[in-house]
>>> print(open('data-v5.cif').read())   # mmCIF, C-alpha atoms
data_entry
#
loop_
_atom_site.label_atom_id
_atom_site.label_comp_id
_atom_site.auth_asym_id
_atom_site.auth_seq_id
_atom_site.Cartn_x
_atom_site.Cartn_y
_atom_site.Cartn_z
CA MET A 880 89.74 62.48 107.26
CA ASP A 881 88.36 65.98 106.58
CA MET A 882 88.69 66.90 110.25
CA ASP A 883 92.36 65.85 110.25
CA MET A 884 92.95 67.92 107.12
CA ASP A 885 91.33 70.98 108.72
CA MET A 886 93.53 70.52 111.79
CA ASP A 887 96.63 70.22 109.57
CA MET A 888 95.65 73.38 107.66
CA GLU A 889 95.20 75.30 110.92
CA THR A 890 98.55 74.07 112.24
CA LEU A 891 100.29 75.04 109.00
CA ALA A 892 98.59 78.45 109.04
CA ASP A 893 99.85 79.04 112.59
CA ASP A 894 103.35 77.86 111.63
CA THR A 895 103.39 80.14 108.58
CA ASP A 896 102.26 83.13 110.65
CA ALA A 897 105.00 82.39 113.20
CA ALA A 898 107.63 82.08 110.46
CA LEU A 899 106.52 85.36 108.89
CA ALA A 900 106.62 87.15 112.26
CA GLY A 901 110.13 85.93 113.08
CA ASP A 902 112.95 88.49 112.78
CA SER A 903 116.26 87.04 111.67
CA GLY A 904 119.46 89.03 111.50
CA GLY A 905 121.92 87.14 109.32
CA GLU A 906 121.80 86.34 105.63
CA ALA A 907 121.89 82.58 106.29
CA GLU A 908 119.06 82.91 108.79
CA ARG A 909 116.97 84.92 106.31
CA TYR A 910 117.57 82.30 103.64
CA GLU A 911 116.55 79.52 106.01
CA ALA A 912 113.46 81.48 107.05
CA ALA A 913 112.53 82.02 103.40
CA GLU A 914 113.00 78.31 102.69
CA ALA A 915 110.87 77.37 105.71
CA GLU A 916 108.18 79.82 104.61
CA ALA A 917 108.22 78.38 101.07
CA GLU A 918 107.90 74.85 102.45
CA LEU A 919 104.96 75.82 104.65
CA LEU A 920 103.21 77.59 101.78
CA ARG A 921 103.79 74.58 99.52
CA ASP A 922 102.30 72.28 102.16
CA ARG A 923 99.29 74.57 102.65
CA LEU A 924 98.67 74.63 98.90
CA ARG A 925 98.91 70.84 98.72
CA LEU A 926 96.42 70.46 101.57
CA ALA A 927 94.02 72.88 99.87
CA VAL A 928 94.31 71.01 96.55
CA ILE A 929 93.75 67.69 98.29
CA SER A 930 90.66 69.11 99.99
CA ILE A 931 89.29 70.49 96.70
CA ALA A 932 90.00 67.29 94.75
CA THR A 933 88.37 65.17 97.43
CA ALA A 934 85.29 67.43 97.57
CA GLU A 935 84.93 67.51 93.77
CA GLY A 936 85.28 63.73 93.65
CA LYS A 937 82.49 63.38 96.21
CA LYS A 938 80.25 65.71 94.19
CA ALA A 939 80.74 63.48 91.16
CA GLY A 940 80.15 60.34 93.24
CA MET A 941 83.74 59.19 92.73
CA THR A 942 86.75 58.53 94.88
CA VAL A 943 90.01 60.08 93.76
CA ALA A 944 93.03 57.88 94.41
CA ASP A 945 95.65 59.34 96.76
CA PRO A 946 98.48 59.21 94.17
CA VAL A 947 96.29 61.12 91.71
CA VAL A 948 95.48 63.78 94.29
CA ALA A 949 99.17 64.10 95.16
CA CYS A 950 100.01 64.47 91.47
CA ILE A 951 97.36 67.17 91.02
CA ALA A 952 98.70 69.01 94.08
CA ASP A 953 102.27 68.92 92.77
CA LEU A 954 101.16 70.12 89.33
CA ALA A 955 99.23 73.00 90.90
CA TYR A 956 102.28 74.03 92.92
CA LYS A 957 104.67 73.81 89.97
CA SER A 958 102.25 75.74 87.78
CA ALA A 959 101.85 78.51 90.37
CA GLU A 960 105.60 78.64 90.89
CA GLN A 961 106.25 78.98 87.14
CA MET A 962 103.58 81.67 86.77
CA ALA A 963 105.16 83.63 89.61
CA LYS A 964 108.60 83.44 87.98
CA ASP A 965 107.15 84.50 84.61
CA ALA A 966 105.29 87.44 86.15
CA GLU A 967 108.50 88.54 87.85
CA LEU A 968 110.38 88.38 84.54
CA PHE A 969 107.68 90.42 82.75
CA ALA A 970 107.90 93.10 85.44
CA GLN A 971 111.71 93.16 85.23
CA HIS A 972 111.53 93.41 81.44
CA ALA A 973 109.29 96.47 81.85
CA GLY A 974 111.88 97.98 84.20
CA ARG A 975 109.74 97.60 87.32
CA LYS A 976 110.33 95.97 90.68
CA THR A 977 106.59 95.59 91.25
CA ILE A 978 104.47 92.95 89.54
CA LYS A 979 101.26 94.38 88.09
CA MET A 980 98.06 92.68 86.97
CA ASP A 981 99.12 93.01 83.32
CA ASP A 982 102.22 90.91 84.11
CA VAL A 983 100.03 88.19 85.58
CA ILE A 984 97.73 88.27 82.54
CA LEU A 985 100.77 87.96 80.25
CA THR A 986 101.83 84.77 82.06
CA ALA A 987 98.65 83.12 80.78
CA HIS A 988 99.26 83.98 77.12
CA ARG A 989 99.38 80.28 76.17
CA ASN A 990 96.02 79.57 77.78
CA GLU A 991 93.28 81.67 76.18
CA HIS A 992 90.64 80.58 78.69
CA LEU A 993 92.80 81.43 81.70
CA MET A 994 93.82 84.73 80.13
CA GLY A 995 90.15 85.63 79.64
CA LEU A 996 89.35 84.75 83.25
CA LEU A 997 92.25 86.87 84.49
CA ARG A 998 91.17 89.83 82.36
CA THR A 999 87.61 89.55 83.69
CA PHE A 1000 88.93 89.33 87.25
CA SER A 1001 91.14 92.37 86.64
CA GLN A 1002 88.18 94.39 85.33
CA GLU A 1003 86.11 93.40 88.37
CA LEU A 1004 88.92 94.55 90.67
CA LYS A 1005 89.17 97.86 88.83
CA GLY A 1006 85.42 98.33 89.25
CA LYS A 1007 85.75 97.88 93.03
CA GLU A 1008 88.57 100.43 93.45
CA PRO A 1009 87.66 103.57 95.36
CA ALA A 1010 87.27 106.75 93.30
CA SER A 1011 90.28 108.37 95.00
CA SER A 1012 92.63 105.95 93.26
CA GLU A 1013 91.85 107.37 89.83
CA ARG A 1014 94.79 108.76 87.92
CA LYS A 1015 95.59 112.35 88.64
CA ARG A 1016 95.08 114.83 85.86
CA LYS A 1017 98.07 116.41 84.24
CA LYS A 1018 98.93 119.81 85.57
CA SER A 1019 98.07 122.54 83.16
CA SER A 1020 100.96 124.16 81.36
CA LYS A 1021 102.20 127.63 82.25
CA LYS A 1022 100.61 128.94 79.03
CA ASP A 1023 97.19 128.09 80.39
CA GLU A 1024 97.92 129.71 83.74
CA ARG A 1025 98.69 133.20 82.41
CA PRO A 1026 96.23 135.84 83.55
CA ILE A 1027 93.79 137.03 80.94
CA ASP A 1028 93.38 140.79 80.49
CA VAL A 1029 89.79 141.89 80.24
#
>>> encode(input="data-v5.cif", output="structure tokens")
Amino acid sequence: MDMDMDMDMETLADDTDAALAGDSGGEAERYEAAEAEAELLRDRLRLAVISIATAEGKKAGMTVADPVVACIADLAYKSAEQMAKDAELFAQHAGRKTIKMDDVILTAHRNEHLMGLLRTFSQELKGKEPASSERKRKKSSKKDERPIDV
């Protein structure tokens, strides 16, 4: 069963890459391409959740029933979808078109544990950033640039 799942994941990965590479001209075609991409991503997430649930069940010496695994996969997808929508709304509220890490952290405000994990992850990412990405210093004012008579 695991080998079949790996094959399905590889096939879906190839299909997703092909869908992302496709260039469509019309609005209807773009919408259909976006829908196809969303469907492929949803399927890939479901396969990953099924794989994780099955592996965790084996670790615990248990078998997880297929309907339970399917339910967990659907809940994971719906949760991720809602978090993405919330993060988008937080960015829009801040007047931005780009979602930042703070927006993602805000989406977890009802789950203290998740919010703590996201903050820790964010700090780890900031620690790995190259030094060149530091904020630029403010330019000195013209007052400070006047020549000094000696």
>>> atom_distance(input="data-v5.cif", atom1="CA of Glu935 in chain A", atom2="CA of Lys964 in chain A")
29.1 Å
>>> resolve_selection(input="data-v5.cif", expression="the PyMOL selection byres ((chain A and resi 997-1011) around 12)", output="short mmCIF file (atom, residue, chain, number, x, y, z; two decimals) with C-alpha atoms, in the frame of the given file")
data_model
loop_
_atom_site.label_atom_id
_atom_site.label_comp_id
_atom_site.auth_asym_id
_atom_site.auth_seq_id
_atom_site.Cartn_x
_atom_site.Cartn_y
_atom_site.Cartn_z
CA LYS A 979 101.26 94.38 88.09
CA MET A 980 98.06 92.68 86.97
CA ASP A 981 99.12 93.01 83.32
CA ASP A 982 102.22 90.91 84.11
CA VAL A 983 100.03 88.19 85.58
CA ILE A 984 97.73 88.27 82.54
CA LEU A 985 100.77 87.96 80.25
CA THR A 986 101.83 84.77 82.06
CA ALA A 987 98.65 83.12 80.78
CA HIS A 988 99.26 83.98 77.12
CA ASN A 990 96.02 79.57 77.78
CA GLU A 991 93.28 81.67 76.18
CA HIS A 992 90.64 80.58 78.69
CA LEU A 993 92.80 81.43 81.70
CA MET A 994 93.82 84.73 80.13
CA GLY A 995 90.15 85.63 79.64
CA LEU A 996 89.35 84.75 83.25
CA SER A 1012 92.63 105.95 93.26
CA GLU A 1013 91.85 107.37 89.83
CA ARG A 1014 94.79 108.76 87.92
CA LYS A 1015 95.59 112.35 88.64
#
>>> atom_distance(input="data-v5.cif", atom1="CA of Arg989 in chain A", atom2="CA of Val928 in chain A")
23.0 Å
>>> closest_atom_pairs(input="data-v5.cif", of="range 933-995 of chain A", to="range 915-925 of chain A", cutoff="12 Å", atoms="all atoms listed in the file", output="JSON lines")
{"residue": "A:Val948", "atom": "CA", "partner": "A:Arg925", "partner_atom": "CA", "distance": 9.0}
{"residue": "A:Ala949", "atom": "CA", "partner": "A:Arg925", "partner_atom": "CA", "distance": 7.6}
{"residue": "A:Cys950", "atom": "CA", "partner": "A:Arg925", "partner_atom": "CA", "distance": 9.7}
{"residue": "A:Ile951", "atom": "CA", "partner": "A:Arg925", "partner_atom": "CA", "distance": 8.7}
{"residue": "A:Ala952", "atom": "CA", "partner": "A:Arg925", "partner_atom": "CA", "distance": 5.0}
{"residue": "A:Asp953", "atom": "CA", "partner": "A:Arg925", "partner_atom": "CA", "distance": 7.1}
{"residue": "A:Leu954", "atom": "CA", "partner": "A:Arg925", "partner_atom": "CA", "distance": 9.7}
{"residue": "A:Ala955", "atom": "CA", "partner": "A:Arg925", "partner_atom": "CA", "distance": 8.1}
{"residue": "A:Tyr956", "atom": "CA", "partner": "A:Arg921", "partner_atom": "CA", "distance": 6.8}
{"residue": "A:Lys957", "atom": "CA", "partner": "A:Arg921", "partner_atom": "CA", "distance": 9.6}
{"residue": "A:Ser958", "atom": "CA", "partner": "A:Leu924", "partner_atom": "CA", "distance": 11.7}
{"residue": "A:Ala959", "atom": "CA", "partner": "A:Leu924", "partner_atom": "CA", "distance": 9.9}
{"residue": "A:Glu960", "atom": "CA", "partner": "A:Arg921", "partner_atom": "CA", "distance": 9.7}
>>> atom_distance(input="data-v5.cif", atom1="CA of Met962 in chain A", atom2="CA of Lys976 in chain A")
16.3 Å
